[in-house]
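Read the structure below first, then the notes.
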Amino acid sequence: MIGTNTKISETINSDPKKFESQTDWNTDAIVERRERFYAASQRAFVPYDTPLIFKHGQDQYLWDEKGNQYLDCLSQNLCVSIGYNNPAVTAAVQNQAEQIQHCTTMFFHPVPAHFAEELTAKFPQDEEWVVHFMNSGAEAIDFALLLARSHTGNNDVVSLANSYHGATFGAQSLTGISNFRHNISLLNGIQFAPNPDQYRGIHGDGVQPYLEDLDRTIHYGTSGQIAGMFIEPIQGYGGIIPLPKGYVSGAFERVRAAGGLCIVDEVQSGFGRTGKGYWSFSDHDVVPDIVVLAKGIGNGFPLGAVVAKKHIAEAMANKFYFNTYGANPVSCAAGRAVLQVIDQCNLIDNAKNVGEALLNVLKNLQQKYDIIGDVRGQGLMMAAELVKDRKTKEPAADEMARLFQLTRKYGLVASKSGAHKNVLRICPPLCIQMEDVTFFEEALSGSFAELYQSF
Ligand SMILES: Cc1ncc(COP(=O)(O)O)c(C=O)c1O
């Protein structure tokens with residue numbers, strides 16, 4: 001007879017306090033412990049001059065360990081899509097964790113399969129879509145690269161200058177910003193086309209010259225037969241660069257003519273963030289072959305996914321490809337809750353409406369402060385780019401660094417990004433409210449006024 005001995009649970013349940021790990025919230029102790037035990041690679045990425053320590057979050061707000069409150073305009077790098085401590089996510093995760101905390105895809109579990117069904121329902125319904133779940137964006141990018149090469153039998157791939165696709169070997173090889181590329185030999189067969197940045201691009205604004213550059217990249221940099229092209233419809237870490245209408249569709253035509261697949265990276269721009277439907281590609285009248293998802297998909301729980309046309313994904317049917325934690329049921333339960341909340345709380349409309357109001361604040365500031373060279377964005381994905389001179393567009397990186405410190409002082413958590421580190425990136429959780437716009441305006445006005453006093 002099979003046993004019924006649950007001794008370990010009984011032991012723990014008899015005195016649960018004994019098994020609780022203690023957390024020391026003393027500021028100096030937190031800093032010292034991190035300095036001592038984190039590897040240099042994990043210590044290095046620090047945004048502010050002094051550490052910012054978050055203890056608690058609720059919806060669009062954060063509190064540090066000393067009780068100071070902030071309006072979050074970064075969403076933990078766009079992961080916390082529907083807000084901190086979201087009750088629907090908490091309930092879904094708690095329920096699932098009490099059932100089974102992990103179950104690999106070798107065994108069958110309904111939660112990831114439900115989630116795959118619900119996710120594919122968000123894609124154009126005249127295609128049949130399937131999902132491969134993984135744990136992060138970079139893992140999903142790597143898989144998309146492998147899938148495109150496997151399906152087409154071609155090796156060459158095109159990516160865009162100023163793109164960011166992640167830190168693993170494959171994702172880093174596709175990333176077009178030197179700050180994020182290590183000085184070692186990365187993957188071969190990847191060519192970069194100039195990005196159609198309408199503010200700072202090599203041809204200025206317009207679409208055709210950039211498409212001609214893409215023609216040249218394919219013609220001179222590849223065999224002429226490619227596996228595909230990776231595109232972020234709005235470049236994220238690159239400094240919120242929305243690709244102009246006509247570029248993505250023109251690029252898709254050229255990529256398909258060269259035998260390649262069109263791969264869209266929606267890791268930052270997906271899940272309604274742009275306020276124009278679930279996916280930013282829908283604004284470009286295109287249907288990609290492969291879509292890469294992560295970040296906002298799980299509201300912070302580790303989760304990534306590749307959604308692909310079914311006949312394309314079949315290319316991997318007979319090869320082993322297994323992520324141990326891929327399709328973890330707790331993460332997938334969080335993902336299901338994210339979809340429910342986005343739909344039932346109309347967060348895509350909210351992203352559009354509140355996003356417009358926040359963008360107006362940035363535009364008004366641009367009228368007042370000539371250091372703001374450009375303001376751009378869609379929905380809750382926007383940016384202000386700082387320049388020393390509006391004519392030369394020389395990046396104002398030092399001023400940006402100072403402004404960034406000031407935004408923290410005024411109670412905003414934002415991000416400093418772009419290849420020249422001169423872009424203030426604003427990407428709040430999708431649940432940010434109209435009532436927050438006044439605080440946003442006051443905080444930024446105060447920050448810019450103080451920046452100007454220091455000149
Ligand atoms: C557009 C884009 N793609 C891919 C990634 C990689 O995701 P992850 O950090 O989860 O590996 C990122 C991360 O910032 C990203 O912004």
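Residue names in the structure tokens use chain letters A, B, ... in the order shown, residue numbers from 1 in each chain, and ligand numbers from 1 in the order shown.
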
Inset, instruction - Within 7 Å of ligand 1, which residues show up when you count only C-alpha atoms and all ligand atoms? List them as a ChimeraX atom specification, please. - result: /A:77,136-139,141,164-167,232,235-237,265-268,294-295

Inset, instruction - Please give the complete set of residues from range 7-181 of chain A that DSSP, run on the backbone, assigns to strand (DSSP E), formatted as number ranges by chain. - result: A: 54-58, 61-64, 69-72, 129-134, 156-160

With N, CA and C atoms retained, export the selected residues as a PDB file, in the first residue's frame.
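Result file part23.pdb:
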```pdb
ATOM      1  N   PHE A  54      13.244  49.039  -1.588  1.00  0.00           N
ATOM      2  CA  PHE A  54      11.779  48.995  -1.521  1.00  0.00           C
ATOM      3  C   PHE A  54      11.320  47.908  -0.558  1.00  0.00           C
ATOM      4  N   LYS A  55      10.370  48.318   0.286  1.00  0.00           N
ATOM      5  CA  LYS A  55       9.853  47.353   1.250  1.00  0.00           C
ATOM      6  C   LYS A  55       8.453  46.895   0.890  1.00  0.00           C
ATOM      7  N   HIS A  56       7.704  47.773   0.242  1.00  0.00           N
ATOM      8  CA  HIS A  56       6.292  47.459   0.045  1.00  0.00           C
ATOM      9  C   HIS A  56       5.798  48.157  -1.212  1.00  0.00           C
ATOM     10  N   GLY A  57       4.840  47.521  -1.877  1.00  0.00           N
ATOM     11  CA  GLY A  57       4.218  48.159  -3.031  1.00  0.00           C
ATOM     12  C   GLY A  57       2.724  47.906  -3.024  1.00  0.00           C
ATOM     13  N   GLN A  58       1.955  48.856  -3.496  1.00  0.00           N
ATOM     14  CA  GLN A  58       0.516  48.661  -3.658  1.00  0.00           C
ATOM     15  C   GLN A  58       0.087  49.391  -4.929  1.00  0.00           C
ATOM     16  N   TYR A  61       2.019  52.408  -6.442  1.00  0.00           N
ATOM     17  CA  TYR A  61       2.844  53.097  -5.444  1.00  0.00           C
ATOM     18  C   TYR A  61       3.866  52.150  -4.801  1.00  0.00           C
ATOM     19  N   LEU A  62       4.970  52.748  -4.387  1.00  0.00           N
ATOM     20  CA  LEU A  62       6.026  52.007  -3.695  1.00  0.00           C
ATOM     21  C   LEU A  62       6.401  52.738  -2.414  1.00  0.00           C
ATOM     22  N   TRP A  63       6.863  52.001  -1.422  1.00  0.00           N
ATOM     23  CA  TRP A  63       7.369  52.597  -0.182  1.00  0.00           C
ATOM     24  C   TRP A  63       8.758  52.025   0.075  1.00  0.00           C
ATOM     25  N   ASP A  64       9.695  52.920   0.479  1.00  0.00           N
ATOM     26  CA  ASP A  64      11.017  52.405   0.821  1.00  0.00           C
ATOM     27  C   ASP A  64      11.036  51.934   2.275  1.00  0.00           C
ATOM     28  N   GLN A  69       7.036  57.368   0.330  1.00  0.00           N
ATOM     29  CA  GLN A  69       6.191  56.849  -0.751  1.00  0.00           C
ATOM     30  C   GLN A  69       6.655  57.401  -2.111  1.00  0.00           C
ATOM     31  N   TYR A  70       6.496  56.592  -3.142  1.00  0.00           N
ATOM     32  CA  TYR A  70       6.866  56.983  -4.511  1.00  0.00           C
ATOM     33  C   TYR A  70       5.738  56.620  -5.470  1.00  0.00           C
ATOM     34  N   LEU A  71       5.620  57.409  -6.536  1.00  0.00           N
ATOM     35  CA  LEU A  71       4.776  57.007  -7.666  1.00  0.00           C
ATOM     36  C   LEU A  71       5.688  56.231  -8.612  1.00  0.00           C
ATOM     37  N   ASP A  72       5.336  55.011  -8.891  1.00  0.00           N
ATOM     38  CA  ASP A  72       6.216  54.174  -9.707  1.00  0.00           C
ATOM     39  C   ASP A  72       5.966  54.413 -11.192  1.00  0.00           C
ATOM     40  N   TRP A 129      -2.080  29.565 -33.549  1.00  0.00           N
ATOM     41  CA  TRP A 129      -0.903  29.910 -32.751  1.00  0.00           C
ATOM     42  C   TRP A 129      -0.653  28.864 -31.667  1.00  0.00           C
ATOM     43  N   VAL A 130       0.610  28.670 -31.323  1.00  0.00           N
ATOM     44  CA  VAL A 130       0.977  27.791 -30.209  1.00  0.00           C
ATOM     45  C   VAL A 130       2.006  28.509 -29.334  1.00  0.00           C
ATOM     46  N   VAL A 131       2.204  27.980 -28.122  1.00  0.00           N
ATOM     47  CA  VAL A 131       3.047  28.681 -27.141  1.00  0.00           C
ATOM     48  C   VAL A 131       4.136  27.751 -26.599  1.00  0.00           C
ATOM     49  N   HIS A 132       5.332  28.274 -26.450  1.00  0.00           N
ATOM     50  CA  HIS A 132       6.376  27.596 -25.673  1.00  0.00           C
ATOM     51  C   HIS A 132       6.712  28.528 -24.512  1.00  0.00           C
ATOM     52  N   PHE A 133       6.486  28.055 -23.278  1.00  0.00           N
ATOM     53  CA  PHE A 133       6.755  28.884 -22.096  1.00  0.00           C
ATOM     54  C   PHE A 133       8.193  28.705 -21.629  1.00  0.00           C
ATOM     55  N   MET A 134       8.787  29.797 -21.212  1.00  0.00           N
ATOM     56  CA  MET A 134      10.079  29.738 -20.543  1.00  0.00           C
ATOM     57  C   MET A 134      10.074  30.709 -19.362  1.00  0.00           C
ATOM     58  N   ASP A 156      21.517  33.364 -41.442  1.00  0.00           N
ATOM     59  CA  ASP A 156      21.660  34.816 -41.270  1.00  0.00           C
ATOM     60  C   ASP A 156      20.391  35.455 -40.695  1.00  0.00           C
ATOM     61  N   VAL A 157      20.627  36.397 -39.812  1.00  0.00           N
ATOM     62  CA  VAL A 157      19.523  37.072 -39.118  1.00  0.00           C
ATOM     63  C   VAL A 157      19.805  38.569 -39.112  1.00  0.00           C
ATOM     64  N   VAL A 158      18.734  39.357 -39.182  1.00  0.00           N
ATOM     65  CA  VAL A 158      18.897  40.813 -39.115  1.00  0.00           C
ATOM     66  C   VAL A 158      18.276  41.312 -37.814  1.00  0.00           C
ATOM     67  N   SER A 159      18.981  42.250 -37.203  1.00  0.00           N
ATOM     68  CA  SER A 159      18.437  42.924 -36.030  1.00  0.00           C
ATOM     69  C   SER A 159      18.623  44.429 -36.263  1.00  0.00           C
ATOM     70  N   LEU A 160      18.069  45.243 -35.367  1.00  0.00           N
ATOM     71  CA  LEU A 160      18.165  46.691 -35.575  1.00  0.00           C
ATOM     72  C   LEU A 160      19.192  47.318 -34.642  1.00  0.00           C
TER      73      LEU A 160
END
```

Legend entry - Top pick for closest residue to Lys409 in chain A, considering A:Asn346, A:Ser447, A:Asn299, A:Thr120 and counting only C-alpha atoms: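 Among the listed residues, A:Ser447 lies closest to Lys409 in chain A.
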
Legend entry - Who sits within 6 Å of range 396-399 of chain A, only C-alpha atoms, same chain under 5 positions skipped, as a PyMOL selection string: chain A and resi 386-388+421-422

Legend entry - DSSP helix (DSSP H, G or I) residues within range 137-274 of chain A, listed as a ChimeraX atom specification: /A:137-152,169-173,178-180,208-221,247-257

Inset, instruction - Please provide as JSON, numbers by chain all residues within 12 Å of Val89 in chain A, with the sequence filter that same-chain residues fewer than 2 positions apart are discarded (counting only C-alpha atoms). - result: {"A": [59, 80, 81, 82, 83, 84, 85, 86, 87, 91, 92, 93, 94, 95, 96, 97, 297, 298, 299, 300, 301, 330, 331, 332, 333, 334, 335, 336, 337, 338, 339, 340, 341, 342]}

Inset, instruction - Rank nothing, just name the residue among A:Ser21, A:Leu145, A:Val354, A:Ile372 nearest to Lys391 in chain A, using only C-alpha atoms. - result: A:Ile372

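Between CA of Arg181 in chain A and CA of Val306 in chain A the separation is 23.2 Å.
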
Inset, instruction - Quick one: pull the distance between CA of Pro244 in chain A and CA of Leu403 in chain A, Å, one decimal. - result: 28.6 Å

Legend entry - Counting only C-alpha atoms, the residue of A:Ser454, A:Gln344, A:Ser282, A:Gln191 that sits nearest Tyr220 in chain A: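 The closest residue to Tyr220 in chain A is A:Gln191.
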
Legend entry - Residues near His109 in chain A, cut-off 10 Å, only C-alpha atoms, skip fewer than 4 positions along chain, as a ChimeraX atom specification: /A:102-105,113-114,327-329

Legend entry - Which residue of A:Ala251, A:Leu52, A:Ile12, A:Ile100 approaches Asp28 in chain A most closely, using only C-alpha atoms: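 Between A:Ala251, A:Leu52, A:Ile12, A:Ile100, the residue approaching Asp28 in chain A most closely is A:Leu52.
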